[in-house]
file structure-v1.txt (compact mmCIF, C-alpha atoms)
# COMPACT_ATOMS: atom_id res chain seq x y z
CA MET Q 5 -3.32 37.96 57.23
CA PRO Q 6 -1.54 38.64 60.53
CA ARG Q 7 2.26 38.57 60.35
CA SER Q 8 2.42 36.13 63.30
CA PHE Q 9 0.33 33.62 61.33
CA LEU Q 10 2.73 33.86 58.37
CA VAL Q 11 5.66 33.17 60.68
CA PHE Q 12 3.80 30.11 62.02
CA ILE Q 13 3.23 28.78 58.48
CA VAL Q 14 6.92 29.27 57.59
CA LEU Q 15 8.02 27.40 60.71
CA LEU Q 16 5.55 24.59 59.99
CA ILE Q 17 6.79 23.89 56.43
CA PRO Q 18 9.96 21.89 57.46
CA VAL Q 19 7.87 19.77 59.82
CA VAL Q 20 5.40 18.93 57.05
CA LEU Q 21 8.17 18.19 54.57
CA HIS Q 22 9.92 15.92 57.08
CA ALA Q 23 6.68 13.99 57.61
CA GLN Q 24 6.28 13.57 53.86
CA ARG Q 25 9.83 12.22 53.45
CA GLY Q 26 9.15 9.22 55.67
CA ARG Q 27 7.88 8.21 59.06
CA PHE Q 28 10.72 5.80 59.83
CA GLY Q 29 14.44 6.10 60.47
CA VAL Q 30 16.62 3.19 59.32
CA SER Q 31 20.32 3.11 60.17
CA PRO Q 32 22.70 2.20 58.68
CA PRO Q 33 21.28 2.61 55.14
CA VAL Q 34 23.40 -0.30 53.77
CA ILE Q 35 24.38 -3.80 54.87
CA TYR Q 36 27.92 -5.21 55.06
CA PRO Q 37 29.38 -8.71 54.78
CA SER Q 38 29.11 -10.60 58.10
CA GLN Q 39 27.09 -9.22 61.05
CA ASN Q 40 24.89 -6.11 60.89
CA VAL Q 41 22.71 -4.38 63.47
CA ILE Q 42 19.98 -2.34 61.78
CA THR Q 43 18.24 0.24 63.98
CA ILE Q 44 14.66 1.19 63.05
CA GLU Q 45 12.98 4.20 64.72
CA SER Q 46 9.50 5.74 64.56
CA PRO Q 47 8.09 8.53 66.76
CA ASP Q 48 4.64 6.90 66.44
CA GLY Q 49 5.91 3.53 67.68
CA LEU Q 50 6.61 0.39 65.73
CA ASP Q 51 3.77 -2.07 65.30
CA ARG Q 52 5.43 -4.55 62.93
CA VAL Q 53 8.68 -5.17 61.04
CA ARG Q 54 8.42 -7.75 58.27
CA VAL Q 55 10.91 -9.12 55.74
CA LEU Q 56 9.30 -9.10 52.30
CA GLY Q 57 12.24 -10.76 50.61
CA SER Q 58 16.00 -11.19 50.58
CA THR Q 59 18.78 -12.79 48.60
CA ALA Q 60 19.87 -16.30 49.58
CA ASN Q 61 23.03 -15.05 51.29
CA VAL Q 62 21.09 -12.94 53.82
CA THR Q 63 19.45 -14.05 57.07
CA VAL Q 64 17.44 -11.75 59.35
CA ALA Q 65 16.59 -12.07 63.06
CA GLY Q 66 14.23 -9.81 65.00
CA GLU Q 67 11.32 -9.35 62.59
CA GLY Q 68 7.70 -9.73 63.65
CA ASP Q 69 4.97 -7.97 65.67
CA LEU Q 70 6.10 -5.41 68.22
CA ASP Q 71 4.60 -3.58 71.19
CA CYS Q 72 4.94 -0.06 69.79
CA PRO Q 73 8.53 0.75 70.84
CA THR Q 74 9.98 3.85 69.20
CA ARG Q 75 13.23 1.97 68.50
CA HIS Q 76 13.92 -1.62 67.41
CA GLU Q 77 17.00 -3.50 66.23
CA LEU Q 78 17.28 -6.19 63.56
CA GLU Q 79 20.24 -8.54 63.23
CA VAL Q 80 21.16 -9.08 59.57
CA PHE Q 81 23.85 -11.56 58.56
CA VAL Q 82 25.40 -11.51 55.07
CA SER Q 83 27.28 -14.75 54.40
CA THR Q 84 29.28 -13.67 51.31
CA ALA Q 85 31.33 -10.67 50.27
CA HIS Q 86 31.59 -11.46 46.55
CA LEU Q 87 27.86 -11.71 45.73
CA HIS Q 88 25.10 -9.14 45.61
CA ALA Q 89 23.04 -9.04 48.82
CA GLU Q 90 19.85 -7.21 49.70
CA VAL Q 91 16.84 -7.33 52.00
CA VAL Q 92 13.45 -5.61 51.60
CA LEU Q 93 11.62 -4.60 54.78
CA GLU Q 94 8.03 -3.56 55.40
CA LEU Q 95 7.77 -1.18 58.36
CA THR Q 96 4.41 -0.39 60.02
CA ASP Q 97 3.92 2.16 62.79
CA CYS Q 98 1.27 2.12 65.48
CA ARG Q 99 -1.01 4.48 63.51
CA GLY Q 100 -1.17 2.00 60.61
CA ASN Q 101 1.25 3.82 58.34
CA ALA Q 102 3.56 1.52 56.35
CA GLU Q 103 6.69 1.94 54.26
CA MET Q 104 9.05 -0.37 52.42
CA ARG Q 105 12.82 -0.04 52.78
CA ARG Q 106 15.44 -1.81 50.65
CA LEU Q 107 18.93 -2.35 52.07
CA VAL Q 108 21.71 -3.53 49.73
CA ILE Q 109 25.32 -4.59 50.29
CA ASN Q 110 27.74 -1.67 50.25
CA THR Q 111 30.23 -3.24 47.80
CA THR Q 112 30.74 -6.64 46.19
CA TRP Q 113 34.35 -7.77 46.44
CA ARG Q 114 36.53 -10.06 44.38
CA VAL Q 115 37.38 -13.09 46.52
CA ASP Q 116 40.39 -15.05 45.26
CA THR Q 117 42.03 -18.41 45.91
CA LYS Q 118 45.80 -18.23 45.57
CA ARG Q 119 47.60 -21.55 44.96
CA ILE Q 120 51.20 -21.77 46.18
CA GLY Q 121 53.38 -24.69 45.32
CA PRO Q 122 54.08 -27.47 45.36
CA VAL Q 123 57.04 -26.47 47.52
CA ARG Q 124 59.52 -28.43 49.61
CA ALA Q 125 59.10 -28.92 53.35
CA GLY Q 126 61.18 -26.45 55.34
CA SER Q 127 61.10 -23.75 52.66
CA THR Q 128 59.21 -20.45 53.01
CA PRO Q 129 57.18 -19.71 49.89
CA CYS Q 130 55.58 -16.28 49.56
CA ALA Q 131 52.77 -15.03 47.34
CA MET Q 132 51.28 -11.63 46.60
CA PHE Q 133 47.67 -11.08 47.61
CA GLN Q 134 45.65 -8.07 46.56
CA ILE Q 135 42.51 -6.04 47.21
CA VAL Q 136 40.92 -4.54 44.13
CA LEU Q 137 38.35 -1.76 44.36
CA ASP Q 138 36.42 -1.84 41.12
CA PRO Q 139 35.74 1.28 39.07
CA GLY Q 140 32.43 2.76 40.18
CA ALA Q 141 32.77 1.57 43.76
CA ALA Q 142 33.07 4.18 46.49
CA PRO Q 143 36.50 4.66 48.10
CA ALA Q 144 37.15 2.33 51.04
CA ILE Q 145 39.54 2.05 53.97
CA LEU Q 146 41.55 -1.12 54.63
CA ASP Q 147 41.75 -1.24 58.39
CA SER Q 148 43.86 -4.40 58.92
CA VAL Q 149 44.70 -7.89 57.61
CA SER Q 150 44.73 -11.05 59.71
CA VAL Q 151 45.68 -14.69 59.28
CA ALA Q 152 44.95 -17.21 62.04
CA ASP Q 153 47.52 -19.85 61.04
CA PRO Q 154 50.72 -19.36 63.13
CA ARG Q 155 52.80 -20.80 60.25
CA ALA Q 156 51.87 -17.84 58.05
CA ARG Q 157 53.15 -14.27 58.27
CA LEU Q 158 52.17 -11.07 56.54
CA ARG Q 159 54.30 -8.40 54.96
CA PHE Q 160 52.95 -4.93 54.12
CA PHE Q 161 54.47 -2.32 51.86
CA SER Q 162 52.64 0.64 53.38
CA ASP Q 163 51.18 1.44 56.78
CA LEU Q 164 47.67 0.44 57.77
CA PRO Q 165 44.95 1.70 57.83
CA HIS Q 166 45.15 2.44 54.09
CA ARG Q 167 42.65 4.37 51.98
CA LEU Q 168 41.76 2.70 48.67
CA PRO Q 169 40.61 5.15 45.99
CA THR Q 170 38.15 3.95 43.35
CA GLY Q 171 39.84 1.57 40.90
CA HIS Q 172 42.86 1.14 43.17
CA THR Q 173 44.69 -2.17 43.91
CA TYR Q 174 46.44 -2.74 47.22
CA GLN Q 175 49.00 -5.57 47.42
CA TYR Q 176 50.56 -7.37 50.36
CA GLN Q 177 52.56 -10.57 50.83
CA VAL Q 178 51.72 -13.83 52.63
CA CYS Q 179 54.54 -16.26 53.49
CA PHE Q 180 54.16 -19.79 54.86
CA THR Q 181 56.63 -22.19 56.53
CA THR Q 182 56.19 -25.80 57.63
CA ASP Q 183 58.25 -28.97 57.87
CA GLU Q 184 55.23 -31.26 57.45
CA PRO Q 185 54.12 -32.31 53.95
CA GLY Q 186 50.47 -31.82 53.05
CA THR Q 187 47.96 -29.40 51.57
CA TYR Q 188 47.16 -26.37 53.72
CA LYS Q 189 44.28 -23.91 53.36
CA ILE Q 190 45.02 -20.50 54.82
CA PRO Q 191 42.14 -18.01 55.19
CA VAL Q 192 43.50 -14.49 54.87
CA VAL Q 193 41.01 -11.86 56.09
CA THR Q 194 41.10 -8.22 55.09
CA TRP Q 195 39.12 -6.04 57.50
CA MET Q 196 37.46 -3.11 55.75
CA ARG Q 197 36.23 -0.09 57.70
CA ARG Q 198 32.47 0.50 57.77
CA GLN Q 199 31.28 3.93 56.74
CA TYR Q 200 28.35 3.46 59.10
CA ALA Q 201 29.30 1.80 62.39
CA SER Q 202 26.48 0.14 64.29
CA GLY Q 203 25.97 -2.41 67.05
CA GLY Q 204 29.63 -2.15 67.99
CA TYR Q 205 30.77 -3.24 64.51
CA THR Q 206 33.27 -0.88 62.91
CA THR Q 207 34.82 -3.22 60.28
CA TYR Q 208 33.70 -6.13 58.10
CA PRO Q 209 35.69 -9.11 56.76
CA VAL Q 210 36.57 -10.02 53.17
CA ALA Q 211 38.36 -13.40 53.06
CA ASP Q 212 40.75 -14.73 50.42
CA THR Q 213 42.21 -18.22 50.66
CA GLY Q 214 45.78 -19.38 50.17
CA ILE Q 215 46.37 -23.05 49.34
CA VAL Q 216 49.92 -24.29 49.94
CA ILE Q 217 51.04 -27.75 48.77
CA VAL Q 218 54.09 -28.90 50.71
CA ARG Q 219 56.18 -31.93 49.74
CA LEU Q 220 59.08 -33.76 51.31
CA PRO Q 221 62.61 -33.13 50.05
CA PRO Q 222 63.40 -35.29 46.97
CA GLU Q 223 65.58 -37.71 48.91
CA GLU Q 224 62.75 -38.39 51.39
CA GLU Q 225 59.79 -38.57 49.00
CA PRO Q 226 58.42 -42.06 48.37
CA GLU Q 227 58.39 -43.19 44.78
CA VAL Q 228 55.03 -42.40 43.18
CA ALA Q 229 53.87 -44.95 40.64
CA ALA Q 230 52.34 -43.74 37.40
CA ASP Q 231 49.46 -45.64 35.82
CA PRO Q 232 50.81 -46.61 32.35
CA THR Q 233 47.32 -47.34 30.97
CA THR Q 234 45.67 -43.91 31.09
CA PHE Q 235 44.56 -44.34 27.45
CA ARG Q 236 41.41 -46.18 28.67
CA SER Q 237 38.99 -46.16 31.58
CA VAL Q 238 38.51 -49.93 31.83
CA ALA Q 239 38.12 -51.20 28.25
CA VAL Q 240 36.67 -48.33 26.21
CA PRO Q 241 39.30 -45.98 24.71
CA ASN Q 242 39.33 -42.38 25.92
CA ALA Q 243 41.04 -39.24 24.53
CA VAL Q 244 44.50 -39.79 26.02
CA ILE Q 245 47.43 -40.98 23.87
CA PRO Q 246 50.58 -42.53 25.43
CA PRO Q 247 53.96 -40.90 24.69
CA ALA Q 248 55.57 -41.65 21.32
CA GLY Q 249 57.27 -45.06 21.12
CA ARG Q 250 55.15 -46.65 23.86
CA PHE Q 251 53.92 -50.22 23.12
CA PHE Q 252 51.34 -52.08 25.18
CA ALA Q 253 49.78 -55.53 25.13
CA GLY Q 254 47.35 -57.30 27.41
CA ALA Q 255 44.34 -59.51 27.90
CA TYR Q 256 40.75 -59.12 29.14
CA ASP Q 257 39.16 -62.14 30.84
CA VAL Q 258 41.97 -64.36 29.47
CA LEU Q 259 40.53 -64.83 25.95
CA GLY Q 260 40.28 -61.18 24.91
CA VAL Q 261 43.59 -59.67 23.75
CA ILE Q 262 44.61 -56.09 23.02
CA ALA Q 263 47.80 -54.38 21.78
CA GLY Q 264 48.80 -50.93 20.58
CA TYR Q 265 51.66 -48.61 19.67
CA SER Q 266 52.09 -44.82 19.85
CA ILE Q 267 53.52 -43.61 16.54
CA SER Q 268 53.75 -40.07 17.94
CA ASP Q 269 52.44 -38.10 20.90
CA ASN Q 270 49.27 -37.48 18.87
CA LEU Q 271 48.71 -40.74 17.00
CA MET Q 272 48.43 -44.38 18.05
CA ILE Q 273 47.30 -47.64 16.46
CA PHE Q 274 45.73 -50.50 18.37
CA GLY Q 275 43.77 -53.68 17.89
CA GLY Q 276 42.55 -56.80 19.59
CA GLY Q 277 39.91 -59.42 19.62
CA ALA Q 278 38.71 -62.71 21.03
CA ILE Q 279 40.83 -65.79 20.36
CA PRO Q 280 38.79 -68.28 18.28
CA LEU Q 281 38.91 -71.39 20.44
CA PRO Q 282 36.51 -74.10 19.14
CA ASP Q 283 34.83 -75.79 22.06
CA ASP Q 284 34.59 -79.10 20.18
CA TRP Q 285 38.19 -79.85 21.20
CA GLY Q 286 36.46 -81.81 23.90
CA GLY Q 287 33.65 -82.94 21.58
CA VAL Q 288 30.98 -80.88 23.39
CA ARG Q 289 29.10 -78.55 21.02
CA GLY Q 290 31.07 -78.24 17.80
CA GLN Q 291 30.85 -74.42 17.65
CA MET Q 292 33.48 -71.72 17.12
CA GLN Q 293 33.33 -67.97 17.69
CA GLY Q 294 35.95 -65.31 17.11
CA ALA Q 295 36.40 -61.55 16.71
CA ALA Q 296 39.19 -59.20 15.67
CA SER Q 297 39.55 -55.43 15.49
CA ILE Q 298 42.11 -52.86 14.36
CA GLY Q 299 42.05 -49.06 14.37
CA ALA Q 300 43.76 -45.78 15.12
CA LYS Q 301 43.33 -42.80 17.42
CA ALA Q 302 44.50 -39.20 16.87
CA GLY Q 303 44.32 -36.66 19.67
CA LEU Q 304 45.32 -33.28 21.06
CA THR Q 305 45.80 -31.77 24.50
CA ILE Q 306 43.71 -28.59 24.48
CA THR Q 307 44.60 -27.29 27.92
CA GLU Q 308 46.13 -28.82 31.01
CA GLY Q 309 43.80 -31.65 31.91
CA LEU Q 310 41.62 -31.49 28.78
CA ASP Q 311 42.17 -33.91 25.87
CA ILE Q 312 40.15 -34.64 22.76
CA ALA Q 313 40.55 -37.45 20.22
CA VAL Q 314 38.94 -39.01 17.19
CA GLY Q 315 39.34 -42.59 16.06
CA TYR Q 316 38.29 -45.31 13.65
CA GLN Q 317 37.93 -49.01 14.27
CA TYR Q 318 37.27 -51.92 11.92
CA ALA Q 319 36.02 -55.17 13.46
CA LEU Q 320 35.05 -58.60 12.19
CA SER Q 321 33.27 -61.35 14.13
CA ILE Q 322 32.35 -64.88 13.03
CA TYR Q 323 30.25 -67.76 14.26
CA ASP Q 324 30.67 -71.21 12.68
CA GLU Q 325 29.33 -74.69 13.39
CA GLU Q 326 31.25 -77.86 12.67
CA ALA Q 327 28.11 -79.61 11.39
CA THR Q 328 28.03 -77.35 8.30
CA PRO Q 329 31.65 -77.29 7.06
CA ASP Q 330 30.82 -75.41 3.84
CA VAL Q 331 28.64 -72.75 5.49
CA ARG Q 332 29.53 -69.97 7.91
CA GLU Q 333 26.50 -69.35 10.06
CA SER Q 334 27.21 -65.67 10.77
CA GLN Q 335 29.72 -62.97 9.95
CA ILE Q 336 29.51 -59.34 11.04
CA SER Q 337 31.81 -56.59 9.79
CA VAL Q 338 31.82 -53.21 11.54
CA HIS Q 339 33.15 -49.76 10.62
CA ALA Q 340 33.09 -47.54 13.70
CA PRO Q 341 34.18 -43.89 13.69
CA TRP Q 342 34.26 -42.38 17.18
CA GLY Q 343 35.32 -39.38 19.24
CA ALA Q 344 36.23 -38.86 22.89
CA ILE Q 345 36.85 -36.11 25.41
CA SER Q 346 38.70 -36.58 28.70
CA TYR Q 347 39.19 -34.22 31.62
CA GLY Q 348 41.52 -34.68 34.57
CA ASP Q 349 45.00 -35.95 35.22
CA ASP Q 350 46.63 -39.31 35.84
CA ASP Q 351 45.33 -39.33 39.42
CA SER Q 352 41.69 -38.84 38.43
CA ARG Q 353 40.07 -38.56 35.03
CA ALA Q 354 36.57 -38.65 33.53
CA SER Q 355 35.90 -39.47 29.89
CA LEU Q 356 33.02 -39.53 27.43
CA THR Q 357 33.22 -41.53 24.20
CA LEU Q 358 30.71 -41.33 21.33
CA GLY Q 359 30.75 -43.63 18.32
CA TYR Q 360 28.65 -44.99 15.48
CA ALA Q 361 28.84 -48.61 14.42
CA ILE Q 362 28.07 -49.33 10.75
CA LYS Q 363 27.42 -53.09 10.76
CA HIS Q 364 26.94 -55.53 7.89
CA HIS Q 365 25.57 -59.00 8.70
CA THR Q 366 26.11 -62.00 6.45
CA LYS Q 367 24.15 -65.21 7.05
CA PRO Q 368 23.64 -68.27 4.81
CA LEU Q 369 20.41 -67.00 3.24
CA ILE Q 370 20.44 -63.26 3.94
CA GLU Q 371 22.59 -60.14 4.21
CA PHE Q 372 21.52 -56.92 5.93
CA ASP Q 373 22.85 -53.74 7.57
CA GLU Q 374 22.19 -52.72 11.15
CA ASN Q 375 23.76 -49.52 12.46
CA ALA Q 376 24.00 -48.41 16.08
CA LEU Q 377 24.89 -45.36 18.17
CA ILE Q 378 27.45 -46.03 20.92
CA VAL Q 379 27.78 -43.89 24.08
CA ALA Q 380 30.21 -44.73 26.88
CA ALA Q 381 31.26 -42.84 30.01
CA GLY Q 382 34.04 -43.84 32.36
CA GLY Q 383 36.75 -42.70 34.69
CA ASP Q 384 39.30 -43.65 37.31
CA TYR Q 385 40.49 -42.31 40.65
CA ARG Q 386 43.76 -42.93 42.53
CA PHE Q 387 43.21 -43.61 46.23
CA ALA Q 388 46.71 -44.89 47.08
CA ASN Q 389 50.18 -44.91 45.55
CA HIS Q 390 49.67 -48.06 43.46
CA TRP Q 391 45.86 -48.28 43.51
CA LYS Q 392 42.91 -46.90 41.60
CA VAL Q 393 39.23 -47.58 41.21
CA ALA Q 394 37.86 -47.45 37.67
CA GLY Q 395 34.46 -47.78 36.07
CA GLU Q 396 32.50 -47.60 32.82
CA ILE Q 397 28.93 -47.58 31.62
CA ALA Q 398 28.03 -48.06 27.95
CA TYR Q 399 24.99 -47.94 25.68
CA MET Q 400 24.70 -49.44 22.19
CA GLN Q 401 21.39 -49.24 20.34
CA THR Q 402 21.24 -52.87 19.21
CA LEU Q 403 22.79 -54.51 22.26
CA GLY Q 404 19.65 -54.63 24.40
CA VAL Q 405 21.45 -54.17 27.73
CA VAL Q 406 23.48 -51.37 29.35
CA PRO Q 407 26.61 -52.95 30.85
CA ILE Q 408 28.27 -51.39 33.90
CA VAL Q 409 31.82 -52.32 34.93
CA ALA Q 410 33.65 -51.45 38.15
CA THR Q 411 37.19 -52.54 38.99
CA ALA Q 412 40.03 -52.04 41.40
CA ARG Q 413 43.37 -51.49 39.67
CA TYR Q 414 46.84 -52.26 40.92
CA PHE Q 415 49.58 -50.69 38.81
CA THR Q 416 53.28 -50.05 38.57
CA ASP Q 417 55.15 -48.04 35.96
CA THR Q 418 55.09 -51.00 33.56
CA TYR Q 419 51.80 -52.88 34.06
CA ALA Q 420 48.26 -52.62 35.40
CA ILE Q 421 45.97 -55.38 36.68
CA ASP Q 422 42.22 -54.82 37.06
CA ALA Q 423 39.81 -57.04 38.95
CA GLY Q 424 36.13 -56.31 39.40
CA ILE Q 425 32.63 -57.12 38.26
CA GLY Q 426 30.44 -56.38 35.26
CA PHE Q 427 26.66 -56.03 35.55
CA ALA Q 428 24.42 -56.57 32.51
CA GLY Q 429 21.02 -56.56 34.19
CA ILE Q 430 19.80 -53.20 32.83
CA THR Q 431 17.76 -53.77 29.65
CA VAL Q 432 16.64 -51.30 26.99
CA GLY Q 433 14.06 -51.75 24.23
CA ASP Q 434 13.38 -55.41 23.62
CA GLY Q 435 16.60 -56.53 25.26
CA VAL Q 436 16.75 -59.53 27.56
CA ALA Q 437 19.20 -59.69 30.44
CA PRO Q 438 21.38 -62.81 30.71
CA ALA Q 439 20.37 -65.43 33.25
CA ILE Q 440 23.43 -64.53 35.33
CA PRO Q 441 23.82 -60.72 34.91
CA VAL Q 442 26.94 -60.39 37.11
CA LEU Q 443 30.26 -61.58 35.73
CA PRO Q 444 33.89 -61.20 36.87
CA VAL Q 445 36.10 -58.76 34.96
CA ILE Q 446 39.87 -59.35 34.98
CA SER Q 447 42.48 -57.68 32.82
CA ALA Q 448 46.25 -57.31 32.68
CA ILE Q 449 48.03 -54.79 30.45
CA PHE Q 450 51.81 -54.52 30.10
CA VAL Q 451 53.57 -51.44 28.73
CA PHE Q 452 57.02 -51.38 27.14
call {"tool": "encode", "arguments": {"input": "structure-v1.txt", "output": "structure tokens"}}
result
Amino acid sequence: MPRSFLVFIVLLIPVVLHAQRGRFGVSPPVIYPSQNVITIESPDGLDRVRVLGSTANVTVAGEGDLDCPTRHELEVFVSTAHLHAEVVLELTDCRGNAEMRRLVINTTWRVDTKRIGPVRAGSTPCAMFQIVLDPGAAPAILDSVSVADPRARLRFFSDLPHRLPTGHTYQYQVCFTTDEPGTYKIPVVTWMRRQYASGGYTTYPVADTGIVIVRLPPEEEPEVAADPTTFRSVAVPNAVIPPAGRFFAGAYDVLGVIAGYSISDNLMIFGGGAIPLPDDWGGVRGQMQGAASIGAKAGLTITEGLDIAVGYQYALSIYDEEATPDVRESQISVHAPWGAISYGDDDSRASLTLGYAIKHHTKPLIEFDENALIVAAGGDYRFANHWKVAGEIAYMQTLGVVPIVATARYFTDTYAIDAGIGFAGITVGDGVAPAIPVLPVISAIFVF
């Protein structure tokens, strides 16, 4: 074999190997949070660039059929820095050769929300922010930090740019000053240097958020009323227990009464019922109905905003007709264990109450038991200093309807008055809705 031919073969090997490694150049080989320009090259011309798939936080512009250019640019936007991001491309050259390329985000970052306050107007609270480069991530360079709000200023403890080794935490301080009360959201952007610059982009943003709650000085703050009846949504008990020594009493729709007392911060007793007013005082029907109930509730605060409670209630209701003085037409006794969970604070709270009613019916010629599951959900929301909206929905197996109640509540530190409507038009099973399914709901509860 001639020596010149051997030299030709040796020179040809790198060309063959290069062709085997791939017919397309893709740069940069990763994507970054925010804007990216991806350059795709092929010496045989590009016939088509197609997106086979991507994560939800990625959008791509510039894909489709091409006219065999040797170079083409895609615009790739990554909307988050704290979630994994990737895009899979199918590249086809003008000789019909195709390859798939997968581009993934360079690093996923921890994005934090830092809450500052409440603080007084005119003060300058400061908080430490940080950038954490997780173990396993490649070293990075912090190029700069910016905050657009002119009321905020930054303080650094070392010069920028700053190189972050793997597993390293970099801290800096954000301070905020304002004389106006309110809640302020402050985006704080750290600009990280790209290892592969493209399309004029040399850095990419990673944004944390500072939330500052600013209040007036004490002498200027208006008095904020506290709802004294947070132990209920509208009528159904929730998981909240009033402070020890608190006594309350009130009425629902005039004839329904309720009262209770907190023995300790974790235990209260309460009861109520419907006043038995015979309607034959006017000689109309000669019928009398009444109900009474007494029980207790024990509860705990698990974490800030989360309360749980268990309770027990005994109730007795009667129905009697004047025409049969020696016979009571109906008597129902009920034992009802129950539990509740509440989440929120005195400005807004949601509650779920589950119970089981063990009922015993006594009639002139028969006695029988009829038990029922009880599920109730409710909550309230403060929309002004002395005002809330409140609501409840309840289900009881033997009731036949699902009542819904919505009220507006005016309250001070010592009483709360609710006015709204109740709707009983939703039926379940064999239930029959009342002829007039909408009724007014009025209550007044006083706390001592």
call {"tool": "atom_distance", "arguments": {"input": "structure-v1.txt", "atom1": "atom CA of Q:Gly315", "atom2": "atom CA of Q:Thr366"}}
result
25.4 Å
call {"tool": "closest_residue", "arguments": {"input": "structure-v1.txt", "among": "Q:His166, Q:Arg250, Q:Arg54, Q:His365", "to": "Q:Glu103", "atoms": "all atoms listed in the file"}}
result
Q:Arg54
call {"tool": "residues_around", "arguments": {"input": "structure-v1.txt", "residues": "Q:Leu403", "least_positions_apart": "4", "cutoff": "9 Å", "atoms": "all atoms listed in the file", "output": "list in words"}}
result
Ala376, Tyr399, Thr431, Val432 and Gly435 of chain Q
call {"tool": "atom_distance", "arguments": {"input": "structure-v1.txt", "atom1": "atom CA of Q:Asp311", "atom2": "atom CA of Q:Val244"}}
result
6.3 Å
call {"tool": "closest_residue", "arguments": {"input": "structure-v1.txt", "among": "Q:Ser352, Q:Ala448, Q:Val64, Q:Asp324", "to": "Q:Ile262", "atoms": "only C-alpha atoms"}}
result
Q:Ala448
call {"tool": "closest_residue", "arguments": {"input": "structure-v1.txt", "among": "Q:Lys118, Q:Arg157, Q:His172, Q:Arg105", "to": "Q:Asp138", "atoms": "all atoms listed in the file"}}
result
Q:His172
call {"tool": "residues_near_point", "arguments": {"input": "structure-v1.txt", "point": "(32.5, -61.4, 36.6)", "cutoff": "12 Å", "atoms": "only C-alpha atoms", "output": "list of chain:residue names"}}
result
Q:Tyr256, Q:Asp257, Q:Pro407, Q:Ile408, Q:Val409, Q:Ala410, Q:Thr411, Q:Asp422, Q:Ala423, Q:Gly424, Q:Ile425, Q:Gly426, Q:Phe427, Q:Ala428, Q:Ile440, Q:Pro441, Q:Val442, Q:Leu443, Q:Pro444, Q:Val445, Q:Ile446, Q:Ser447
call {"tool": "atom_distance", "arguments": {"input": "structure-v1.txt", "atom1": "atom CA of Q:Leu78", "atom2": "atom CA of Q:Ile44"}}
result
7.8 Å
call {"tool": "decode", "arguments": {"input": "structure-v1.txt", "residues": "stretch 122-148 of chain Q", "atoms": "C-alpha atoms", "output": "mmCIF file, in the first residue's frame"}}
result
data_model
loop_
_atom_site.group_PDB
_atom_site.id
_atom_site.type_symbol
_atom_site.label_atom_id
_atom_site.label_comp_id
_atom_site.auth_asym_id
_atom_site.auth_seq_id
_atom_site.Cartn_x
_atom_site.Cartn_y
_atom_site.Cartn_z
ATOM 1 C CA PRO Q 122 -45.288 44.229 60.907
ATOM 2 C CA VAL Q 123 -43.195 47.342 61.488
ATOM 3 C CA ARG Q 124 -44.065 50.950 62.258
ATOM 4 C CA ALA Q 125 -44.264 53.625 59.566
ATOM 5 C CA GLY Q 126 -41.078 55.673 59.378
ATOM 6 C CA SER Q 127 -38.831 52.864 60.628
ATOM 7 C CA THR Q 128 -36.263 51.056 58.456
ATOM 8 C CA PRO Q 129 -36.519 47.298 58.896
ATOM 9 C CA CYS Q 130 -33.813 45.119 57.364
ATOM 10 C CA ALA Q 131 -33.730 41.420 56.554
ATOM 11 C CA MET Q 132 -31.054 39.011 55.381
ATOM 12 C CA PHE Q 133 -31.548 37.423 51.974
ATOM 13 C CA GLN Q 134 -29.445 34.578 50.672
ATOM 14 C CA ILE Q 135 -28.429 32.596 47.606
ATOM 15 C CA VAL Q 136 -27.820 28.916 48.207
ATOM 16 C CA LEU Q 137 -25.970 26.753 45.704
ATOM 17 C CA ASP Q 138 -26.981 23.186 46.436
ATOM 18 C CA PRO Q 139 -24.458 20.376 46.760
ATOM 19 C CA GLY Q 140 -23.969 18.781 43.357
ATOM 20 C CA ALA Q 141 -24.616 21.998 41.446
ATOM 21 C CA ALA Q 142 -21.774 23.480 39.431
ATOM 22 C CA PRO Q 143 -20.084 26.621 40.811
ATOM 23 C CA ALA Q 144 -21.773 29.859 39.747
ATOM 24 C CA ILE Q 145 -20.994 33.564 39.623
ATOM 25 C CA LEU Q 146 -23.302 36.166 41.188
ATOM 26 C CA ASP Q 147 -22.960 39.118 38.882
ATOM 27 C CA SER Q 148 -25.236 41.680 40.605
#
